[in-house]
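Asker: run03.cif is reproduced in full below (mmCIF, C-alpha atoms).
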```
data_my_file
loop_
_atom_site.label_atom_id
_atom_site.label_comp_id
_atom_site.auth_asym_id
_atom_site.auth_seq_id
_atom_site.Cartn_x
_atom_site.Cartn_y
_atom_site.Cartn_z
CA MET I 1 104.50 130.86 109.66
CA VAL I 2 100.78 131.66 109.30
CA SER I 3 98.61 131.12 112.40
CA SER I 4 94.99 130.16 113.07
CA SER I 5 93.30 129.78 116.45
CA ARG I 6 94.77 126.28 116.87
CA LEU I 7 97.21 125.55 114.05
CA ILE I 8 100.28 127.13 112.48
CA LYS I 9 100.97 126.85 108.77
CA ARG I 10 104.62 126.06 108.08
CA THR I 11 105.65 127.83 104.90
CA SER I 12 109.09 126.23 104.56
CA CYS I 13 110.87 123.03 105.54
CA PRO I 14 111.42 122.97 109.34
CA VAL I 15 114.86 121.37 108.87
CA CYS I 16 116.56 123.17 105.97
CA SER I 17 114.18 126.14 105.42
CA SER I 18 113.71 125.29 101.75
CA LYS I 19 110.45 126.50 100.24
CA GLN I 20 110.68 123.88 97.52
CA SER I 21 108.30 121.10 98.48
CA SER I 22 105.91 118.67 96.83
CA SER I 23 102.46 117.76 98.10
CA LEU I 24 102.06 114.11 99.09
CA TYR I 25 98.56 114.17 100.55
CA GLN I 26 95.93 116.69 101.56
CA THR I 27 92.44 116.36 103.00
CA SER I 28 90.18 118.32 105.31
CA PHE I 29 89.84 117.46 108.98
CA SER I 30 86.27 116.42 108.27
CA ASN I 31 87.69 113.36 106.49
CA GLU I 32 86.03 110.35 108.10
CA GLY I 33 89.31 108.42 108.16
CA ILE I 34 91.08 111.12 110.18
CA LYS I 35 88.08 111.56 112.46
CA SER I 36 88.05 107.86 113.31
CA TYR I 37 91.85 107.84 113.73
CA ILE I 38 91.68 110.72 116.22
CA SER I 39 88.85 109.02 118.09
CA ARG I 40 90.88 105.82 118.45
CA SER I 41 94.00 107.74 119.44
CA TYR I 42 92.50 109.89 122.16
CA GLY I 43 89.31 108.09 123.12
CA GLN I 44 86.81 109.74 125.39
CA SER I 45 89.38 112.24 126.65
CA SER I 46 89.42 113.99 123.27
CA ARG I 47 87.68 117.35 123.09
CA PHE I 48 88.18 117.54 119.35
CA ASN I 49 85.95 120.19 117.85
CA TYR I 50 85.93 120.30 114.06
CA ASP I 51 84.98 123.98 114.15
CA TYR I 52 88.52 124.66 115.42
CA PHE I 53 89.94 123.55 112.09
CA GLU I 54 87.36 124.75 109.61
CA GLY I 55 89.06 125.69 106.36
CA LEU I 56 92.34 123.99 107.34
CA TYR I 57 93.78 120.73 106.13
CA TYR I 58 95.82 117.77 107.13
CA SER I 59 98.57 118.30 104.59
CA LEU I 60 101.75 116.27 104.06
CA LEU I 61 104.65 117.83 102.16
CA ARG I 62 108.02 116.44 101.13
CA CYS I 63 111.00 118.80 101.09
CA GLN I 64 112.75 118.57 97.73
CA ASN I 65 116.05 119.60 99.30
CA CYS I 66 116.46 117.33 102.37
CA ASN I 67 113.65 114.80 101.80
CA LEU I 68 111.86 115.47 105.09
CA ILE I 69 108.15 114.61 105.12
CA TYR I 70 106.34 117.15 107.27
CA GLN I 71 102.86 118.30 108.14
CA GLU I 72 102.10 121.73 106.79
CA TYR I 73 99.65 122.60 109.59
CA VAL I 74 100.93 121.99 113.13
CA PRO I 75 99.69 122.82 116.66
CA ASN I 76 100.45 126.23 118.12
CA SER I 77 101.71 126.47 121.72
CA ALA I 78 98.23 126.71 123.26
CA PHE I 79 96.96 123.70 121.36
CA LEU I 80 100.12 121.72 122.19
CA SER I 81 99.46 122.24 125.88
CA GLU I 82 95.83 121.21 125.45
CA LEU I 83 96.79 118.17 123.40
CA TYR I 84 99.33 116.72 125.83
CA GLU I 85 97.64 117.74 129.07
CA GLU I 86 93.96 117.18 128.24
CA TRP I 87 93.52 115.10 125.09
CA ILE I 88 95.98 112.44 126.21
CA ASP I 89 94.65 110.68 129.30
CA SER I 90 97.64 110.73 131.66
CA SER I 91 96.12 108.27 134.12
CA GLN I 92 95.61 105.69 131.37
CA ALA I 93 99.09 106.35 129.98
CA LEU I 94 100.61 105.77 133.43
CA LEU I 95 98.67 102.53 133.82
CA ARG I 96 100.05 101.32 130.47
CA HIS I 97 103.54 102.34 131.56
CA LYS I 98 103.21 100.22 134.70
CA THR I 99 102.35 97.12 132.65
CA TYR I 100 105.48 97.18 130.45
CA SER I 101 107.36 93.87 130.42
CA VAL I 102 110.97 93.02 131.21
CA ASP I 103 111.71 93.21 127.45
CA TYR I 104 110.82 96.92 127.45
CA TYR I 105 113.30 97.70 130.21
CA SER I 106 115.99 95.38 128.85
CA ILE I 107 116.04 97.44 125.63
CA HIS I 108 116.70 100.59 127.70
CA SER I 109 119.39 98.80 129.69
CA GLN I 110 121.10 97.56 126.54
CA ASP I 111 120.96 101.01 124.92
CA ILE I 112 122.44 102.76 127.94
CA SER I 113 125.11 100.11 128.46
CA GLN I 114 126.31 100.52 124.87
CA LEU I 115 126.37 104.31 125.08
CA LEU I 116 128.19 104.43 128.43
CA THR I 117 130.80 101.92 127.24
CA TYR I 118 131.39 104.02 124.13
CA ILE I 119 131.78 107.22 126.19
CA ASP I 120 134.40 105.32 128.23
CA LYS I 121 134.04 107.15 131.54
CA PRO I 122 132.89 105.81 134.92
CA PRO I 123 129.09 106.25 135.07
CA SER I 124 129.47 108.26 138.28
CA ARG I 125 131.26 110.95 136.23
CA ILE I 126 128.64 111.10 133.50
CA LYS I 127 125.89 113.73 133.46
CA GLU I 128 122.93 112.78 131.31
CA LEU I 129 119.85 114.66 130.14
CA ASP I 130 116.68 112.87 129.05
CA PHE I 131 114.90 115.41 126.86
CA GLY I 132 111.20 114.57 126.61
CA MET I 133 111.55 111.92 129.31
CA GLY I 134 107.89 110.84 129.50
CA TRP I 135 107.42 108.78 132.66
CA GLY I 136 111.19 108.60 133.16
CA ALA I 137 111.88 104.92 132.33
CA TRP I 138 115.07 105.67 130.37
CA ALA I 139 116.23 108.25 132.92
CA LEU I 140 115.70 105.88 135.84
CA MET I 141 117.65 103.16 134.06
CA ALA I 142 120.56 105.58 133.48
CA LYS I 143 120.35 106.56 137.16
CA ALA I 144 120.56 102.87 138.10
CA PHE I 145 123.85 102.67 136.18
CA GLY I 146 125.19 105.45 138.42
CA CYS I 147 124.85 108.49 136.15
CA THR I 148 123.74 111.91 137.37
CA VAL I 149 120.47 112.26 135.50
CA TYR I 150 118.32 115.26 134.60
CA GLY I 151 115.06 115.35 132.69
CA ILE I 152 112.85 117.74 130.74
CA GLU I 153 109.18 117.15 130.03
CA LEU I 154 106.15 119.25 129.04
CA SER I 155 103.58 117.35 131.10
CA GLN I 156 103.42 118.47 134.72
CA GLN I 157 102.13 115.06 135.81
CA ARG I 158 105.11 113.34 134.24
CA ILE I 159 107.47 115.87 135.83
CA GLU I 160 106.00 115.17 139.26
CA HIS I 161 106.26 111.42 138.67
CA ALA I 162 109.93 111.65 137.68
CA THR I 163 110.77 113.99 140.55
CA SER I 164 109.17 111.60 143.03
CA HIS I 165 111.56 108.91 141.77
CA GLY I 166 114.70 111.00 142.23
CA ILE I 167 115.15 112.48 138.75
CA HIS I 168 116.33 116.11 138.68
CA THR I 169 114.08 118.14 136.38
CA ILE I 170 115.06 121.36 134.63
CA GLN I 171 113.37 123.82 132.29
CA TRP I 172 114.02 124.70 128.65
CA ASP I 173 115.78 127.99 129.52
CA ASP I 174 118.08 126.19 131.97
CA ILE I 175 119.68 123.94 129.33
CA PRO I 176 122.69 126.19 128.42
CA ASP I 177 123.63 126.37 132.12
CA TYR I 178 124.55 122.67 132.18
CA ASP I 179 127.26 120.47 130.71
CA PHE I 180 126.05 117.02 129.67
CA ASP I 181 128.10 114.08 128.44
CA LEU I 182 125.01 112.41 127.00
CA ILE I 183 121.60 113.70 125.89
CA ASN I 184 118.86 111.22 125.11
CA THR I 185 115.88 112.13 122.93
CA ASP I 186 113.67 109.11 122.43
CA GLN I 187 110.64 109.62 120.17
CA VAL I 188 110.80 113.40 120.50
CA PHE I 189 112.00 115.07 117.28
CA GLU I 190 109.03 113.84 115.26
CA HIS I 191 106.83 115.97 117.55
CA LEU I 192 108.73 119.24 117.25
CA VAL I 193 107.30 122.20 115.35
CA ASP I 194 110.78 123.76 115.20
CA PRO I 195 113.42 120.99 115.44
CA VAL I 196 116.24 123.36 114.44
CA SER I 197 115.88 125.57 117.51
CA VAL I 198 115.70 122.49 119.75
CA ILE I 199 118.84 120.79 118.45
CA HIS I 200 120.76 124.10 118.65
CA GLN I 201 119.64 124.55 122.27
CA LEU I 202 120.64 120.99 123.16
CA GLN I 203 124.08 121.23 121.59
CA THR I 204 124.90 124.28 123.73
CA SER I 205 124.87 122.02 126.79
CA LEU I 206 126.90 119.16 125.34
CA THR I 207 130.46 118.87 126.60
CA PRO I 208 133.13 118.75 123.86
CA GLY I 209 132.95 115.16 122.63
CA GLY I 210 129.51 114.72 124.22
CA LEU I 211 126.84 112.60 122.53
CA LEU I 212 123.30 113.37 121.43
CA LYS I 213 121.13 110.32 120.73
CA ILE I 214 118.05 110.82 118.56
CA SER I 215 115.51 108.04 118.10
CA VAL I 216 112.45 108.64 115.89
CA PRO I 217 109.80 106.49 114.18
CA ASN I 218 111.19 104.57 111.25
CA SER I 219 110.46 106.11 107.84
CA PHE I 220 110.96 102.73 106.16
CA GLY I 221 108.04 101.87 103.88
CA MET I 222 106.51 105.36 103.90
CA ARG I 223 106.00 105.39 100.12
CA TYR I 224 103.87 102.26 100.42
CA ARG I 225 101.92 103.66 103.38
CA LEU I 226 101.27 107.01 101.72
CA LYS I 227 100.12 105.28 98.56
CA HIS I 228 97.37 103.52 100.50
CA MET I 229 96.62 106.14 103.25
CA ASP I 230 94.76 103.57 105.33
CA TRP I 231 93.68 105.42 108.46
CA SER I 232 92.28 102.18 109.91
CA ALA I 233 95.65 100.36 109.82
CA PRO I 234 96.76 99.48 113.39
CA LYS I 235 100.00 100.80 114.84
CA GLY I 236 102.90 98.52 113.96
CA SER I 237 101.27 97.17 110.81
CA ARG I 238 102.73 97.57 107.33
CA LYS I 239 100.21 100.29 106.41
CA SER I 240 100.29 102.12 109.75
CA LEU I 241 100.25 105.92 109.46
CA ASN I 242 101.62 106.39 112.96
CA PRO I 243 104.85 108.07 111.66
CA VAL I 244 102.68 110.89 110.26
CA SER I 245 99.99 110.92 112.97
CA PRO I 246 97.91 114.14 112.87
CA PHE I 247 99.01 116.86 115.32
CA GLU I 248 101.69 114.73 117.03
CA HIS I 249 104.13 113.24 114.50
CA VAL I 250 104.58 116.38 112.47
CA ASN I 251 108.02 115.42 111.07
CA CYS I 252 108.93 112.14 109.39
CA PHE I 253 112.72 111.93 109.04
CA TYR I 254 114.66 110.18 106.36
CA ARG I 255 118.39 109.75 106.90
CA GLN I 256 119.21 112.68 104.63
CA SER I 257 116.98 115.07 106.58
CA MET I 258 118.28 113.96 109.98
CA LEU I 259 121.91 114.38 108.92
CA LYS I 260 121.05 117.83 107.55
CA LEU I 261 119.51 118.79 110.90
CA ALA I 262 122.59 117.70 112.84
CA GLU I 263 125.01 119.32 110.39
CA GLY I 264 123.27 122.67 110.86
CA ALA I 265 123.94 122.41 114.61
CA GLY I 266 127.62 121.57 114.09
CA LEU I 267 127.24 117.94 115.19
CA LEU I 268 129.00 114.93 113.66
CA GLU I 269 127.47 111.49 113.20
CA ASN I 270 129.02 108.71 115.28
CA LYS I 271 128.36 104.98 115.30
CA ILE I 272 128.99 102.64 118.19
CA PRO I 273 131.39 99.93 116.95
CA MET I 274 129.56 96.72 116.15
CA HIS I 275 131.65 94.64 118.56
CA LEU I 276 130.55 96.90 121.45
CA GLN I 277 126.92 96.60 120.39
CA TYR I 278 127.11 92.80 120.34
CA THR I 279 129.07 92.64 123.60
CA HIS I 280 126.42 94.67 125.40
CA THR I 281 123.41 92.98 123.86
CA ALA I 282 121.13 91.25 126.36
CA ASN I 283 117.97 89.14 126.37
CA TRP I 284 118.11 86.33 123.84
CA SER I 285 114.91 84.83 125.27
CA SER I 286 113.05 84.31 121.98
CA LEU I 287 113.78 83.77 118.30
CA ARG I 288 112.35 87.21 117.53
CA ARG I 289 114.62 88.89 120.09
CA ALA I 290 117.63 86.90 118.88
CA LEU I 291 117.04 88.01 115.28
CA ARG I 292 116.59 91.61 116.41
CA ASN I 293 119.84 91.46 118.38
CA LEU I 294 121.75 90.04 115.42
CA LEU I 295 120.38 92.44 112.82
CA MET I 296 120.26 95.73 114.76
CA PRO I 297 124.03 96.53 114.64
CA ILE I 298 124.01 95.78 110.90
CA CYS I 299 121.01 98.07 110.35
CA ARG I 300 122.64 100.88 112.30
CA ASN I 301 126.24 100.67 111.12
CA VAL I 302 126.03 99.22 107.62
CA LEU I 303 122.57 99.91 106.20
CA GLY I 304 122.16 103.32 107.85
CA SER I 305 119.13 103.02 110.12
CA GLN I 306 116.52 105.72 109.56
CA ASN I 307 115.33 105.87 113.15
CA TYR I 308 118.39 105.74 115.46
CA TYR I 309 121.23 108.27 115.35
CA ILE I 310 124.16 109.27 117.54
CA PHE I 311 125.77 112.66 117.05
CA ARG I 312 128.89 114.04 118.69
CA LYS I 313 129.89 117.58 119.52
CA PRO I 314 133.42 118.10 118.17
CA ALA I 315 136.11 118.15 120.83
CA LEU I 316 138.07 121.35 121.35
CA GLU I 317 141.28 121.47 119.33
CA ARG I 318 144.47 121.61 121.36
CA LEU I 319 146.62 124.67 120.79
#
```
Using structure tokens, write down the structure that the file contains.

Answerer:
Amino acid sequence: MVSSSRLIKRTSCPVCSSKQSSSLYQTSFSNEGIKSYISRSYGQSSRFNYDYFEGLYYSLLRCQNCNLIYQEYVPNSAFLSELYEEWIDSSQALLRHKTYSVDYYSIHSQDISQLLTYIDKPPSRIKELDFGMGWGAWALMAKAFGCTVYGIELSQQRIEHATSHGIHTIQWDDIPDYDFDLINTDQVFEHLVDPVSVIHQLQTSLTPGGLLKISVPNSFGMRYRLKHMDWSAPKGSRKSLNPVSPFEHVNCFYRQSMLKLAEGAGLLENKIPMHLQYTHTANWSSLRRALRNLLMPICRNVLGSQNYYIFRKPALERL
């Protein structure tokens, strides 16, 4: 890696280490589209100074070996801390969190119910880690099911919030000291400068047969989005560039790249049987939700979803 005062240049694929890549898009940080995107993303809290990034570029590469789309220039540790502690307005983020609807929490409940049923142990005997827990919504839902729940988070404000609600928090170096039946990473791996080191660290704490869930932004339609590169497209729209958002979403996973990442850590892909997914599906309150509930198991088990994965640590062989 090559460093500047704020950014690190990745000289190989962060998943498979291949140096064979193709350039998809490159522009300077003075690009008006990126400047307006950053302004909308961080608002008045942003202390973005273009002098920090003089001579550097927003650069998207595609690995020719594993198909990962990744940003060539990514935040160093100092800038990461500044980004998540100062650029992102925590008070506003917490206010948004407090306005989430029942639908938001029902999705967490459904997800946890399916996973716990698949593990097939009483929840009181399940230890779970929420890695990158944010404000702790997923962790608190797992706690409500009766699991012993731990969380890891960079933001001190989010750590204090989770702790005040009864979530045990641990540090990165503590991970190998624990044995978890389930590790949840929800919208985390797209942010990681070095996803390989993270997945290796997490697998050390998985019990034999334990599950690692990885959820990331969907890479579906990225060719269309990259063809247009419309920085004004709103999040959730067909042209949205949120999956490759500057500084934050530095990895955009296709199925091939995610499976490669897990394989390198000795993890095996698992899929929750479709009948269990349907049995533990809740909230049929609208046509949109009903369609989502019907199609989701098919997307995950048949079509091979590109944003939701479950990996298992192999069980110890009996002698």

Asker: Take the PyMOL selection byres ((chain I and resi 34-44) around 7), run it mentally on this structure, and tell me the resulting residues as a JSON list (two decimals) with C-alpha atoms, in the frame of the given file.

Answerer:
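Wrote result_8.json, looks like this:
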```
[["chain", "number", "residue", "atom", "x", "y", "z"],
["I", 29, "PHE", "CA", 89.84, 117.46, 108.98],
["I", 30, "SER", "CA", 86.27, 116.42, 108.27],
["I", 31, "ASN", "CA", 87.69, 113.36, 106.49],
["I", 32, "GLU", "CA", 86.03, 110.35, 108.10],
["I", 33, "GLY", "CA", 89.31, 108.42, 108.16],
["I", 45, "SER", "CA", 89.38, 112.24, 126.65],
["I", 46, "SER", "CA", 89.42, 113.99, 123.27],
["I", 87, "TRP", "CA", 93.52, 115.10, 125.09],
["I", 88, "ILE", "CA", 95.98, 112.44, 126.21],
["I", 231, "TRP", "CA", 93.68, 105.42, 108.46],
["I", 232, "SER", "CA", 92.28, 102.18, 109.91]]
```

Asker: Compare I:Ser286, I:Ser219, I:Ser257, I:Asn270 by their minimum atom-to-atom distance to I:Gln306, counting only C-alpha atoms, and give me the closest one.

Answerer: I:Ser219

Asker: Would you write out, as number ranges by chain, every residue that the PyMOL selection byres ((chain I and resi 201) around 10) captures in this file?

Answerer: I: 172-176, 195-200, 202-206, 265

Asker: Tell me which of I:Asp111, I:Glu160, I:Glu248, I:Asp179 sits closest to I:Leu83, counting all atoms listed in the file.

Answerer: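 That would be I:Glu248, the residue with the smallest distance to I:Leu83.
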
Asker: List the residues matched by the PyMOL selection byres ((chain I and resi 139-153) around 8) in the displayed structure as an MDAnalysis selection string, ordered by chain and then by residue number.

Answerer: chainID I and resid 105 108:109 112 123:134 136:138 154:156 158:159 165 167:172

Asker: Applying 8 Å and all atoms listed in the file, which residues near I:Arg312 remain after dropping the ones on its own chain fewer than 4 positions away? List them as a list in words.

Answerer: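 Final neighbour list, sorted by chain and number: Gly209, Gly210, Leu211, Leu212, Leu267, Leu268, Glu269 and Asn270 of chain I.
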
Asker: Using only C-alpha atoms, please write the residues we just selected to a file, as a CSV table (one decimal), in the coordinates of the input.

Answerer:
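Writing done, so here's again.csv:
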```
chain,number,residue,atom,x,y,z
I,209,GLY,CA,133.0,115.2,122.6
I,210,GLY,CA,129.5,114.7,124.2
I,211,LEU,CA,126.8,112.6,122.5
I,212,LEU,CA,123.3,113.4,121.4
I,267,LEU,CA,127.2,117.9,115.2
I,268,LEU,CA,129.0,114.9,113.7
I,269,GLU,CA,127.5,111.5,113.2
I,270,ASN,CA,129.0,108.7,115.3
```

Asker: What separation in Å, quoted to one decimal, exists between atom CA of I:Asn307 and atom CA of I:Tyr57?

Answerer: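 Pair atom CA of I:Asn307 / atom CA of I:Tyr57 returns 27.1 Å.
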
Asker: Counting all atoms listed in the file, what is within 7 Å of I:His280, bar same-chain residues fewer than 5 positions away, as a VMD selection string?

Answerer: chain I and resid 110 113 to 114

Asker: Using atom CA of I:Glu263 and atom CA of I:Asn76 as the two end points, give the distance in Å to one decimal.

Answerer: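 Value for the atom CA of I:Glu263-atom CA of I:Asn76 distance: 26.7 Å.
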
Asker: How many Å separate atom CA of I:Glu86 from atom CA of I:Gly236?

Answerer: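 We find that atom CA of I:Glu86 and atom CA of I:Gly236 lie 25.1 Å from each other.
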
Asker: Have a look at I:Ser285, I:Trp135, I:Tyr52, I:Leu115 and name the one nearest to I:Thr163; count all atoms listed in the file.

Answerer: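 Looking only at the distances to I:Thr163, the closest residue turns out to be I:Trp135.
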
Asker: When you get a chance, write out N, CA and C atoms for stretch 170-196 of chain I, as an mmCIF file, keeping the file's coordinate frame.

Answerer:
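Saved the output as rebuild06.cif:
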```
data_model
loop_
_atom_site.group_PDB
_atom_site.id
_atom_site.type_symbol
_atom_site.label_atom_id
_atom_site.label_comp_id
_atom_site.auth_asym_id
_atom_site.auth_seq_id
_atom_site.Cartn_x
_atom_site.Cartn_y
_atom_site.Cartn_z
ATOM 1 N N ILE I 170 114.690 119.984 134.952
ATOM 2 C CA ILE I 170 115.060 121.360 134.630
ATOM 3 C C ILE I 170 114.118 121.884 133.559
ATOM 4 N N GLN I 171 114.215 123.164 133.271
ATOM 5 C CA GLN I 171 113.370 123.820 132.290
ATOM 6 C C GLN I 171 114.164 124.110 131.016
ATOM 7 N N TRP I 172 113.422 124.408 129.944
ATOM 8 C CA TRP I 172 114.020 124.700 128.650
ATOM 9 C C TRP I 172 115.103 125.774 128.744
ATOM 10 N N ASP I 173 114.836 126.875 129.441
ATOM 11 C CA ASP I 173 115.780 127.990 129.520
ATOM 12 C C ASP I 173 117.026 127.650 130.331
ATOM 13 N N ASP I 174 116.948 126.574 131.132
ATOM 14 C CA ASP I 174 118.080 126.190 131.970
ATOM 15 C C ASP I 174 119.146 125.413 131.197
ATOM 16 N N ILE I 175 118.807 124.881 130.027
ATOM 17 C CA ILE I 175 119.680 123.940 129.330
ATOM 18 C C ILE I 175 121.105 124.472 129.138
ATOM 19 N N PRO I 176 121.301 125.721 128.653
ATOM 20 C CA PRO I 176 122.690 126.190 128.420
ATOM 21 C C PRO I 176 123.520 126.301 129.695
ATOM 22 N N ASP I 177 122.896 126.252 130.855
ATOM 23 C CA ASP I 177 123.630 126.370 132.120
ATOM 24 C C ASP I 177 124.283 125.056 132.541
ATOM 25 N N TYR I 178 124.043 123.989 131.809
ATOM 26 C CA TYR I 178 124.550 122.670 132.180
ATOM 27 C C TYR I 178 125.549 122.147 131.147
ATOM 28 N N ASP I 179 126.319 121.164 131.587
ATOM 29 C CA ASP I 179 127.260 120.470 130.710
ATOM 30 C C ASP I 179 126.941 118.977 130.777
ATOM 31 N N PHE I 180 126.439 118.426 129.688
ATOM 32 C CA PHE I 180 126.050 117.020 129.670
ATOM 33 C C PHE I 180 126.990 116.211 128.774
ATOM 34 N N ASP I 181 127.308 115.014 129.248
ATOM 35 C CA ASP I 181 128.100 114.080 128.440
ATOM 36 C C ASP I 181 127.212 113.322 127.461
ATOM 37 N N LEU I 182 125.937 113.185 127.810
ATOM 38 C CA LEU I 182 125.010 112.410 127.000
ATOM 39 C C LEU I 182 123.620 113.022 127.091
ATOM 40 N N ILE I 183 122.990 113.238 125.944
ATOM 41 C CA ILE I 183 121.600 113.700 125.890
ATOM 42 C C ILE I 183 120.800 112.663 125.123
ATOM 43 N N ASN I 184 119.742 112.197 125.737
ATOM 44 C CA ASN I 184 118.860 111.220 125.110
ATOM 45 C C ASN I 184 117.565 111.880 124.670
ATOM 46 N N THR I 185 117.191 111.705 123.405
ATOM 47 C CA THR I 185 115.880 112.130 122.930
ATOM 48 C C THR I 185 115.235 110.927 122.257
ATOM 49 N N ASP I 186 114.285 110.336 122.913
ATOM 50 C CA ASP I 186 113.670 109.110 122.430
ATOM 51 C C ASP I 186 112.231 109.406 122.019
ATOM 52 N N GLN I 187 111.966 109.326 120.710
ATOM 53 C CA GLN I 187 110.640 109.620 120.170
ATOM 54 C C GLN I 187 110.201 111.045 120.519
ATOM 55 N N VAL I 188 111.063 111.992 120.196
ATOM 56 C CA VAL I 188 110.800 113.400 120.500
ATOM 57 C C VAL I 188 110.803 114.262 119.234
ATOM 58 N N PHE I 189 111.820 114.135 118.382
ATOM 59 C CA PHE I 189 112.000 115.070 117.280
ATOM 60 C C PHE I 189 110.883 115.006 116.241
ATOM 61 N N GLU I 190 110.169 113.906 116.173
ATOM 62 C CA GLU I 190 109.030 113.840 115.260
ATOM 63 C C GLU I 190 107.885 114.737 115.715
ATOM 64 N N HIS I 191 107.894 115.141 116.990
ATOM 65 C CA HIS I 191 106.830 115.970 117.550
ATOM 66 C C HIS I 191 107.100 117.476 117.432
ATOM 67 N N LEU I 192 108.310 117.857 117.090
ATOM 68 C CA LEU I 192 108.730 119.240 117.250
ATOM 69 C C LEU I 192 108.332 120.132 116.068
ATOM 70 N N VAL I 193 107.663 121.225 116.369
ATOM 71 C CA VAL I 193 107.300 122.200 115.350
ATOM 72 C C VAL I 193 108.554 122.853 114.772
ATOM 73 N N ASP I 194 109.542 123.102 115.627
ATOM 74 C CA ASP I 194 110.780 123.760 115.200
ATOM 75 C C ASP I 194 111.982 122.946 115.670
ATOM 76 N N PRO I 195 112.303 121.843 114.989
ATOM 77 C CA PRO I 195 113.420 120.990 115.440
ATOM 78 C C PRO I 195 114.776 121.680 115.401
ATOM 79 N N VAL I 196 114.948 122.663 114.537
ATOM 80 C CA VAL I 196 116.240 123.360 114.440
ATOM 81 C C VAL I 196 116.564 124.083 115.735
#
```
